[in-house]
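Quick look at query16.txt (compact mmCIF, C-alpha atoms):
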```
# COMPACT_ATOMS: atom_id res chain seq x y z
CA MET B 1 -10.45 -4.16 -20.08
CA ASN B 2 -7.04 -3.41 -21.56
CA ASP B 3 -4.89 -6.45 -20.71
CA ASN B 4 -1.67 -4.58 -21.47
CA LEU B 5 -2.61 -1.77 -19.10
CA LYS B 6 -3.56 -4.24 -16.37
CA ALA B 7 -0.25 -6.08 -16.76
CA PHE B 8 1.64 -2.77 -16.62
CA LEU B 9 -0.19 -1.57 -13.50
CA ASP B 10 0.20 -4.95 -11.81
CA GLN B 11 3.94 -4.72 -12.38
CA LYS B 12 3.99 -1.22 -10.85
CA VAL B 13 1.99 -2.41 -7.84
CA ALA B 14 4.61 -5.11 -7.27
CA GLN B 15 7.37 -2.49 -7.62
CA TYR B 16 5.96 -0.07 -5.02
CA ASN B 17 3.91 -2.27 -2.68
CA ARG B 18 6.89 -3.46 -0.68
CA PRO B 19 8.61 -2.58 2.60
CA GLU B 20 11.15 -0.32 0.84
CA PHE B 21 8.26 2.07 0.11
CA ILE B 22 7.58 2.71 3.80
CA ALA B 23 10.54 4.84 4.92
CA ASN B 24 9.82 7.87 2.72
CA ASP B 25 6.04 7.82 3.08
CA PRO B 26 3.70 8.98 5.88
CA VAL B 27 2.71 5.32 6.37
CA SER B 28 6.07 5.04 8.16
CA ILE B 29 4.52 6.84 11.14
CA PRO B 30 2.04 4.14 12.21
CA HIS B 31 4.75 1.58 11.42
CA MET B 32 6.67 2.97 14.39
CA PHE B 33 4.19 1.20 16.68
CA SER B 34 3.00 -2.32 17.46
CA LYS B 35 0.00 -1.54 19.68
CA LYS B 36 -3.19 -1.48 17.63
CA GLN B 37 -4.54 1.74 19.11
CA ASP B 38 -1.22 3.55 18.56
CA ILE B 39 -1.27 2.41 14.92
CA GLU B 40 -4.83 3.68 14.51
CA ILE B 41 -4.26 7.02 16.23
CA MET B 42 -1.00 7.90 14.50
CA GLY B 43 -2.19 6.44 11.20
CA PHE B 44 -5.19 8.74 11.32
CA TRP B 45 -3.07 11.70 12.34
CA ALA B 46 -0.43 11.03 9.68
CA ALA B 47 -3.13 10.79 7.01
CA THR B 48 -4.77 13.99 8.27
CA LEU B 49 -1.49 15.91 8.11
CA ALA B 50 -0.55 14.45 4.72
CA TRP B 51 -0.28 17.49 2.59
CA GLY B 52 2.93 19.13 1.49
CA GLN B 53 6.37 17.55 1.32
CA ARG B 54 6.48 13.99 2.63
CA VAL B 55 9.65 14.71 4.64
CA THR B 56 7.90 17.57 6.42
CA ILE B 57 4.78 15.48 7.09
CA ILE B 58 6.86 12.71 8.64
CA ASN B 59 8.87 15.15 10.76
CA LYS B 60 5.75 16.89 12.07
CA CYS B 61 4.20 13.56 13.00
CA LYS B 62 7.37 12.57 14.87
CA GLU B 63 7.24 15.91 16.69
CA LEU B 64 3.66 15.16 17.71
CA ILE B 65 4.65 11.70 18.95
CA THR B 66 7.41 13.23 21.07
CA LEU B 67 4.93 15.71 22.57
CA MET B 68 2.80 12.71 23.57
CA ASP B 69 5.78 11.08 25.32
CA GLY B 70 6.27 8.50 22.57
CA ALA B 71 3.04 6.66 23.49
CA PRO B 72 0.01 8.30 21.84
CA TYR B 73 -2.70 5.95 23.16
CA ASP B 74 -1.39 6.00 26.72
CA PHE B 75 -1.06 9.79 26.63
CA ILE B 76 -4.56 10.26 25.26
CA ILE B 77 -6.21 7.95 27.79
CA ASN B 78 -4.22 8.95 30.88
CA HIS B 79 -3.21 12.60 30.39
CA GLU B 80 -4.19 15.29 32.86
CA GLU B 81 -4.95 18.88 32.00
CA PRO B 82 -1.41 20.25 32.62
CA ASP B 83 0.00 17.64 30.21
CA LEU B 84 -1.74 19.37 27.32
CA LYS B 85 0.22 22.60 27.68
CA LYS B 86 3.15 21.31 25.65
CA LEU B 87 0.83 20.75 22.68
CA LEU B 88 -0.26 24.38 22.53
CA HIS B 89 2.34 25.32 19.94
CA PHE B 90 1.98 22.32 17.61
CA LYS B 91 1.23 23.39 14.05
CA HIS B 92 1.38 22.00 10.53
CA ARG B 93 0.16 24.33 7.84
CA THR B 94 -3.43 25.19 8.84
CA PHE B 95 -3.63 22.43 11.46
CA ASN B 96 -2.99 24.08 14.82
CA ASP B 97 -3.22 23.55 18.58
CA VAL B 98 -7.01 23.98 18.62
CA ASP B 99 -7.34 21.11 16.17
CA THR B 100 -4.77 19.04 18.07
CA LEU B 101 -6.60 19.35 21.37
CA TYR B 102 -9.92 18.41 19.79
CA PHE B 103 -8.39 15.34 18.17
CA ILE B 104 -7.13 14.29 21.61
CA SER B 105 -10.56 14.90 23.15
CA PHE B 106 -12.26 12.85 20.45
CA PHE B 107 -9.79 9.97 20.72
CA ARG B 108 -10.12 9.87 24.50
CA TRP B 109 -13.92 9.84 24.32
CA HIS B 110 -13.97 7.19 21.59
CA PHE B 111 -11.44 4.83 23.16
CA GLU B 112 -13.21 5.03 26.50
CA ASN B 113 -16.16 3.42 24.71
CA PHE B 114 -14.58 1.25 22.00
CA GLU B 115 -11.47 -0.86 21.67
CA SER B 116 -10.75 0.11 18.06
CA LEU B 117 -11.13 3.20 15.89
CA GLU B 118 -12.76 0.94 13.29
CA GLN B 119 -16.03 1.27 15.19
CA ALA B 120 -16.08 4.99 14.38
CA PHE B 121 -16.41 4.17 10.69
CA LEU B 122 -19.33 1.74 11.03
CA PRO B 123 -22.76 3.37 10.91
CA PRO B 124 -25.34 2.14 13.41
CA SER B 125 -27.55 -0.66 12.16
CA PRO B 126 -30.64 0.77 10.44
CA LEU B 127 -32.73 -2.36 10.87
CA LYS B 128 -36.31 -1.58 11.80
CA GLY B 129 -37.18 -1.94 15.45
CA GLU B 130 -33.63 -1.69 16.77
CA GLN B 131 -33.77 1.92 17.87
CA ASN B 132 -34.81 1.03 21.41
CA SER B 133 -32.86 -2.19 21.79
CA LEU B 134 -29.34 -3.07 22.84
CA LEU B 135 -28.61 -3.68 19.16
CA ALA B 136 -28.93 0.02 18.50
CA ASN B 137 -25.42 0.49 19.85
CA GLN B 138 -23.89 -2.21 17.70
CA ARG B 139 -22.20 -1.44 14.40
CA TYR B 140 -22.57 -3.39 11.22
CA PRO B 141 -20.33 -3.83 8.18
CA LEU B 142 -21.46 -2.40 4.87
CA GLN B 143 -19.33 -4.65 2.69
CA GLY B 144 -20.77 -5.30 -0.74
CA ALA B 145 -23.43 -2.62 -0.48
CA GLU B 146 -23.58 0.04 -3.18
CA GLY B 147 -22.37 3.35 -1.78
CA ALA B 148 -20.84 1.65 1.26
CA ALA B 149 -17.76 3.89 1.27
CA GLU B 150 -19.85 7.03 0.93
CA ALA B 151 -22.09 6.04 3.84
CA THR B 152 -19.07 5.07 5.93
CA LEU B 153 -17.23 8.37 5.45
CA ASN B 154 -20.33 10.55 5.86
CA HIS B 155 -21.11 8.75 9.11
CA PHE B 156 -17.53 9.09 10.35
CA ARG B 157 -17.44 12.87 9.92
CA SER B 158 -20.73 13.25 11.74
CA TYR B 159 -19.51 10.97 14.52
CA PHE B 160 -16.11 12.67 14.76
CA PHE B 161 -17.79 16.02 15.39
CA SER B 162 -20.45 14.72 17.75
CA LEU B 163 -18.78 16.09 20.89
CA PRO B 164 -20.66 19.21 22.06
CA ASP B 165 -17.58 21.45 22.20
CA PHE B 166 -16.03 20.72 18.80
CA PRO B 167 -14.32 23.79 17.24
CA HIS B 168 -15.88 24.72 13.93
CA ARG B 169 -12.47 25.44 12.39
CA THR B 170 -11.45 21.78 12.82
CA LYS B 171 -14.17 20.59 10.42
CA LYS B 172 -12.02 21.58 7.45
CA HIS B 173 -9.53 18.85 8.40
CA VAL B 174 -12.01 15.96 8.15
CA SER B 175 -13.74 15.68 4.79
CA SER B 176 -16.72 13.67 3.58
CA PRO B 177 -18.42 12.76 0.29
CA SER B 178 -21.35 14.98 1.27
CA GLN B 179 -18.97 17.92 0.77
CA LYS B 180 -18.06 16.58 -2.69
CA SER B 181 -14.49 16.01 -1.46
CA THR B 182 -12.35 13.20 -2.88
CA CYS B 183 -11.61 12.34 0.80
CA LYS B 184 -8.05 11.49 -0.22
CA ARG B 185 -6.66 11.42 3.31
CA LEU B 186 -9.45 9.33 4.80
CA ASN B 187 -9.38 6.89 1.89
CA MET B 188 -5.62 6.56 2.33
CA PHE B 189 -6.06 5.88 6.05
CA LEU B 190 -8.71 3.24 5.32
CA ARG B 191 -6.36 1.60 2.82
CA TRP B 192 -3.69 1.36 5.51
CA MET B 193 -6.07 -0.14 8.08
CA VAL B 194 -8.10 -2.49 5.85
CA ARG B 195 -5.83 -3.95 3.15
CA ASN B 196 -3.92 -7.06 4.20
CA ASP B 197 -1.78 -8.61 1.46
CA ASN B 198 1.20 -9.54 3.66
CA ASN B 199 3.48 -7.21 1.68
CA GLY B 200 4.34 -5.19 4.76
CA VAL B 201 3.02 -1.73 3.81
CA ASP B 202 -0.69 -1.77 4.69
CA PHE B 203 -1.64 -3.12 8.12
CA GLY B 204 -4.87 -5.05 7.56
CA ILE B 205 -5.86 -4.77 11.23
CA TRP B 206 -9.53 -4.06 10.51
CA ASN B 207 -11.92 -6.72 9.27
CA LYS B 208 -15.41 -5.20 9.24
CA LEU B 209 -14.63 -3.08 6.18
CA LYS B 210 -13.38 -5.00 3.14
CA PRO B 211 -10.79 -4.06 0.47
CA ALA B 212 -13.46 -4.37 -2.23
CA ASP B 213 -15.40 -1.50 -0.61
CA LEU B 214 -12.51 0.97 -0.44
CA ILE B 215 -12.20 4.02 -2.69
CA CYS B 216 -8.88 4.88 -4.30
CA PRO B 217 -7.18 7.91 -2.71
CA CYS B 218 -7.25 10.51 -5.46
CA ASP B 219 -4.52 13.07 -4.86
CA LEU B 220 -2.82 15.32 -7.41
CA HIS B 221 -0.37 12.64 -8.55
CA VAL B 222 -2.92 9.83 -8.83
CA ASP B 223 -5.40 12.09 -10.60
CA ARG B 224 -2.81 13.22 -13.15
CA VAL B 225 -1.60 9.73 -13.99
CA ALA B 226 -5.11 8.24 -14.07
CA ARG B 227 -6.23 10.88 -16.55
CA LYS B 228 -3.20 10.20 -18.76
CA LEU B 229 -4.17 6.53 -18.74
CA LYS B 230 -7.79 7.45 -19.53
CA LEU B 231 -9.03 5.90 -16.30
CA ILE B 232 -10.89 9.13 -15.48
CA ASN B 233 -13.25 10.98 -17.82
CA ARG B 234 -14.89 13.34 -15.33
CA LYS B 235 -13.65 16.90 -15.84
CA GLN B 236 -13.57 18.02 -12.22
CA THR B 237 -11.88 16.23 -9.35
CA ASP B 238 -14.33 15.40 -6.57
CA TRP B 239 -15.90 12.41 -4.79
CA GLN B 240 -17.51 11.11 -7.98
CA THR B 241 -14.11 11.26 -9.68
CA ALA B 242 -12.63 9.00 -7.00
CA VAL B 243 -15.58 6.64 -7.38
CA GLU B 244 -15.21 6.63 -11.20
CA LEU B 245 -11.51 5.81 -10.90
CA THR B 246 -12.19 3.00 -8.42
CA GLU B 247 -14.87 1.49 -10.65
CA ARG B 248 -12.36 1.41 -13.51
CA LEU B 249 -9.76 -0.20 -11.27
CA LYS B 250 -12.30 -2.87 -10.29
CA GLU B 251 -12.14 -4.04 -13.90
CA PHE B 252 -8.54 -5.07 -13.13
CA ASP B 253 -9.21 -6.46 -9.64
CA PRO B 254 -12.77 -6.32 -8.24
CA THR B 255 -11.73 -7.64 -4.83
CA ASP B 256 -8.87 -5.20 -4.24
CA PRO B 257 -9.03 -2.22 -6.61
CA VAL B 258 -7.21 0.15 -4.26
CA LYS B 259 -3.95 -1.78 -4.54
CA TYR B 260 -3.48 0.21 -7.77
CA ASP B 261 -3.00 3.31 -5.65
CA PHE B 262 0.59 2.09 -5.29
CA ALA B 263 1.02 2.05 -9.07
CA LEU B 264 -0.63 5.40 -9.82
CA PHE B 265 1.01 7.22 -6.91
CA GLY B 266 4.41 5.72 -7.64
CA LEU B 267 4.20 6.65 -11.31
CA GLY B 268 3.19 10.18 -10.35
CA ILE B 269 5.55 11.08 -7.53
CA GLU B 270 8.52 8.76 -8.10
CA GLU B 271 8.59 8.60 -11.90
CA ARG B 272 6.88 11.97 -12.45
CA TRP B 273 4.61 10.66 -15.15
CA GLY B 274 2.78 13.37 -16.97
CA ILE B 275 5.49 15.87 -16.05
CA GLU B 276 8.80 14.32 -17.07
CA GLY B 277 8.00 10.67 -17.73
CA ILE B 278 7.20 9.37 -21.21
CA LEU B 279 3.79 7.69 -21.26
CA PRO B 280 3.54 4.40 -23.12
CA GLU B 281 0.61 3.67 -25.38
CA PHE B 282 -2.00 1.14 -24.29
```
In structure tokens, write the structure found in this file.
Amino acid sequence: MNDNLKAFLDQKVAQYNRPEFIANDPVSIPHMFSKKQDIEIMGFWAATLAWGQRVTIINKCKELITLMDGAPYDFIINHEEPDLKKLLHFKHRTFNDVDTLYFISFFRWHFENFESLEQAFLPPSPLKGEQNSLLANQRYPLQGAEGAAEATLNHFRSYFFSLPDFPHRTKKHVSSPSQKSTCKRLNMFLRWMVRNDNNGVDFGIWNKLKPADLICPCDLHVDRVARKLKLINRKQTDWQTAVELTERLKEFDPTDPVKYDFALFGLGIEERWGIEGILPEF
């Protein structure tokens, strides 16, 4: 482990992992709410729509909130068919009204059965003999298990599209490791929900999944900076790249490697490292 690099990244985490970071980032959307289910729903939606300019992402999410009368969970649970008409023209890039209506259908179905969206990310217990018992419907945490994040995200995508009428086109908006995707948006959403360091950015409202099991969101900016810092050797950018990066970050903090997302993302998008910024030697 390079102590100088760790010290540098720790300093950058401290610089960007603070409330001032929130306003210009999609994480500001779930921060508009105090109800847990609203935080989960709009956190998931903000992460899903997080491609393109951050200002545009934030504005589109606010538009969606307005269309749901400012109360996403209440709208989803209590809406009637005519209420959905105003959502028929919602669009952000390739995410359209078909996708919007399926998201609402999924959320309504899920929250009629579970109190939290966290349950959607917990695979059923595989213990022998449970298939025909009440325990078959319980969910278990995978913390500490090798490949926990991969199993969690693969399960979630399967679960998300388990309704019989899901539109095939919507599948492109929810990735999984089985597709070789980095799953940047889902990993970002999990960071928001799971990490709890009392710094005010991430929510830490889930406790079944643990920070040590998270995978670093690997977007264009993070990927570029991580390669400049020689934290990634893999030539392509896919799920294994995100895992490789996270394993390297665990050398700096094995209990909370994803906190370095703040450093890598901040260096990439705020300081434009690798484009305009001068890279120090480590």
Next item on the list: Figure out the distance between atom CA of Thr255 of chain B and atom CA of Leu229 of chain B, please, to one decimal in Å.
Entry: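 Taking atom CA of Leu229 of chain B and atom CA of Thr255 of chain B, their separation equals 21.2 Å.
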Checklist line | Atomic distance atom CA of Asp213 of chain B - atom CA of Ser178 of chain B, expressed in Å with one decimal | finding: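 Result for atom CA of Asp213 of chain B versus atom CA of Ser178 of chain B: 17.6 Å, one decimal.
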Against segment 43-56 of chain B, which residues of segment 147-217 of chain B fall within 12 Å? For each one I want the closest pair of atoms and the distance in Å (one decimal), counting only C-alpha atoms, rows by chain and increasing residue number, as a Markdown table.
```
| residue | atom | partner | partner_atom | distance |
| --- | --- | --- | --- | --- |
| B:Thr170 | CA | B:Thr48 | CA | 11.2 |
| B:Lys171 | CA | B:Thr48 | CA | 11.7 |
| B:Lys172 | CA | B:Thr48 | CA | 10.5 |
| B:His173 | CA | B:Thr48 | CA | 6.8 |
| B:Val174 | CA | B:Thr48 | CA | 7.5 |
| B:Ser175 | CA | B:Thr48 | CA | 9.8 |
| B:Cys183 | CA | B:Thr48 | CA | 10.3 |
| B:Lys184 | CA | B:Ala47 | CA | 8.8 |
| B:Arg185 | CA | B:Ala47 | CA | 5.2 |
| B:Leu186 | CA | B:Ala47 | CA | 6.9 |
| B:Asn187 | CA | B:Ala47 | CA | 9.0 |
| B:Met188 | CA | B:Ala47 | CA | 6.8 |
| B:Phe189 | CA | B:Ala47 | CA | 5.8 |
| B:Leu190 | CA | B:Phe44 | CA | 8.9 |
| B:Arg191 | CA | B:Gly43 | CA | 10.5 |
| B:Trp192 | CA | B:Gly43 | CA | 7.8 |
| B:Met193 | CA | B:Gly43 | CA | 8.3 |
| B:Val194 | CA | B:Gly43 | CA | 12.0 |
| B:Asp202 | CA | B:Gly43 | CA | 10.6 |
| B:Phe203 | CA | B:Gly43 | CA | 10.1 |
| B:Ile205 | CA | B:Gly43 | CA | 11.8 |
| B:Pro217 | CA | B:Ala47 | CA | 10.9 |
```
Note to self: Just to confirm, what's the straight-line distance from atom CA of Tyr16 of chain B to atom CA of Leu209 of chain B in Å (one decimal)?
What the structure shows: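 So the answer is 23.6 Å.
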Next item on the list: Find the residue from B:Ala23, B:Ile77, B:Leu84, B:Ala7 that sits nearest to Gly200 of chain B; use all atoms listed in the file when measuring.
Entry: B:Ala23
Item checked: Selected residue of minimal separation from Val225 of chain B among B:Ile22, B:Leu9, B:Ile29, B:Val201, counting all atoms listed in the file ->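 For Val225 of chain B, the nearest of the candidates is B:Leu9.
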Next item on the list: Compare B:Thr246, B:Thr182, B:Ser116, B:Asn198 by their minimum atom-to-atom distance to Ile41 of chain B, counting all atoms listed in the file, and give me the closest one.
Entry: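 Of B:Thr246, B:Thr182, B:Ser116, B:Asn198, the one nearest Ile41 of chain B, counting all atoms listed in the file, is B:Ser116.
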Check: So which one's closest to Asp253 of chain B, B:Ala212, B:Gly266, B:Ser158, B:Asn199? Using only C-alpha atoms, please.
Finding: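 Between B:Ala212, B:Gly266, B:Ser158, B:Asn199, the residue approaching Asp253 of chain B most closely is B:Ala212.
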Next item on the list: Might you pull out every residue within 10 Å of Gln15 of chain B, with only C-alpha atoms counted and same-chain residues fewer than 4 positions away left off, and present them as an MDAnalysis selection string?
Entry: chainID B and resid 9:11 20:21 262:263 266
Notebook entry, point to check: Which one of B:Phe160, B:Phe8, B:Phe265, B:Phe121 sits closest to His221 of chain B if you count only C-alpha atoms?
Noted result: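 Distance minimum relative to His221 of chain B lands on B:Phe265.
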Next item on the list: Rank nothing, just name the residue among B:Ser162, B:Gln240, B:Gln119, B:Asn4 nearest to Glu150 of chain B, using only C-alpha atoms.
Entry: B:Gln240
Item checked: For Lys85 of chain B: contacts at 10 Å, all atoms listed in the file, fewer than 6 positions along chain excluded, given as a VMD selection string -> chain B and resid 67 97 101
Within 12 Å of Lys12 of chain B, counting all atoms listed in the file, which residues qualify if same-chain residues fewer than 6 places away don't, as a short mmCIF file (atom, residue, chain, number, x, y, z; two decimals) with C-alpha atoms, in the frame of the given file?
```cif
data_model
loop_
_atom_site.label_atom_id
_atom_site.label_comp_id
_atom_site.auth_asym_id
_atom_site.auth_seq_id
_atom_site.Cartn_x
_atom_site.Cartn_y
_atom_site.Cartn_z
CA LEU B 5 -2.61 -1.77 -19.10
CA LYS B 6 -3.56 -4.24 -16.37
CA ARG B 18 6.89 -3.46 -0.68
CA LYS B 259 -3.95 -1.78 -4.54
CA TYR B 260 -3.48 0.21 -7.77
CA ASP B 261 -3.00 3.31 -5.65
CA PHE B 262 0.59 2.09 -5.29
CA ALA B 263 1.02 2.05 -9.07
CA LEU B 264 -0.63 5.40 -9.82
CA PHE B 265 1.01 7.22 -6.91
CA GLY B 266 4.41 5.72 -7.64
CA LEU B 267 4.20 6.65 -11.31
CA GLY B 268 3.19 10.18 -10.35
CA GLU B 270 8.52 8.76 -8.10
CA GLU B 271 8.59 8.60 -11.90
#
```
Next item on the list: Show which residues sit within 10 Å of Ile104 of chain B, as an MDAnalysis selection string. Count all atoms listed in the file, and ignore same-chain residues fewer than 3 positions away.
Entry: chainID B and resid 41 72:73 75:77 79 84 99:101 107:110
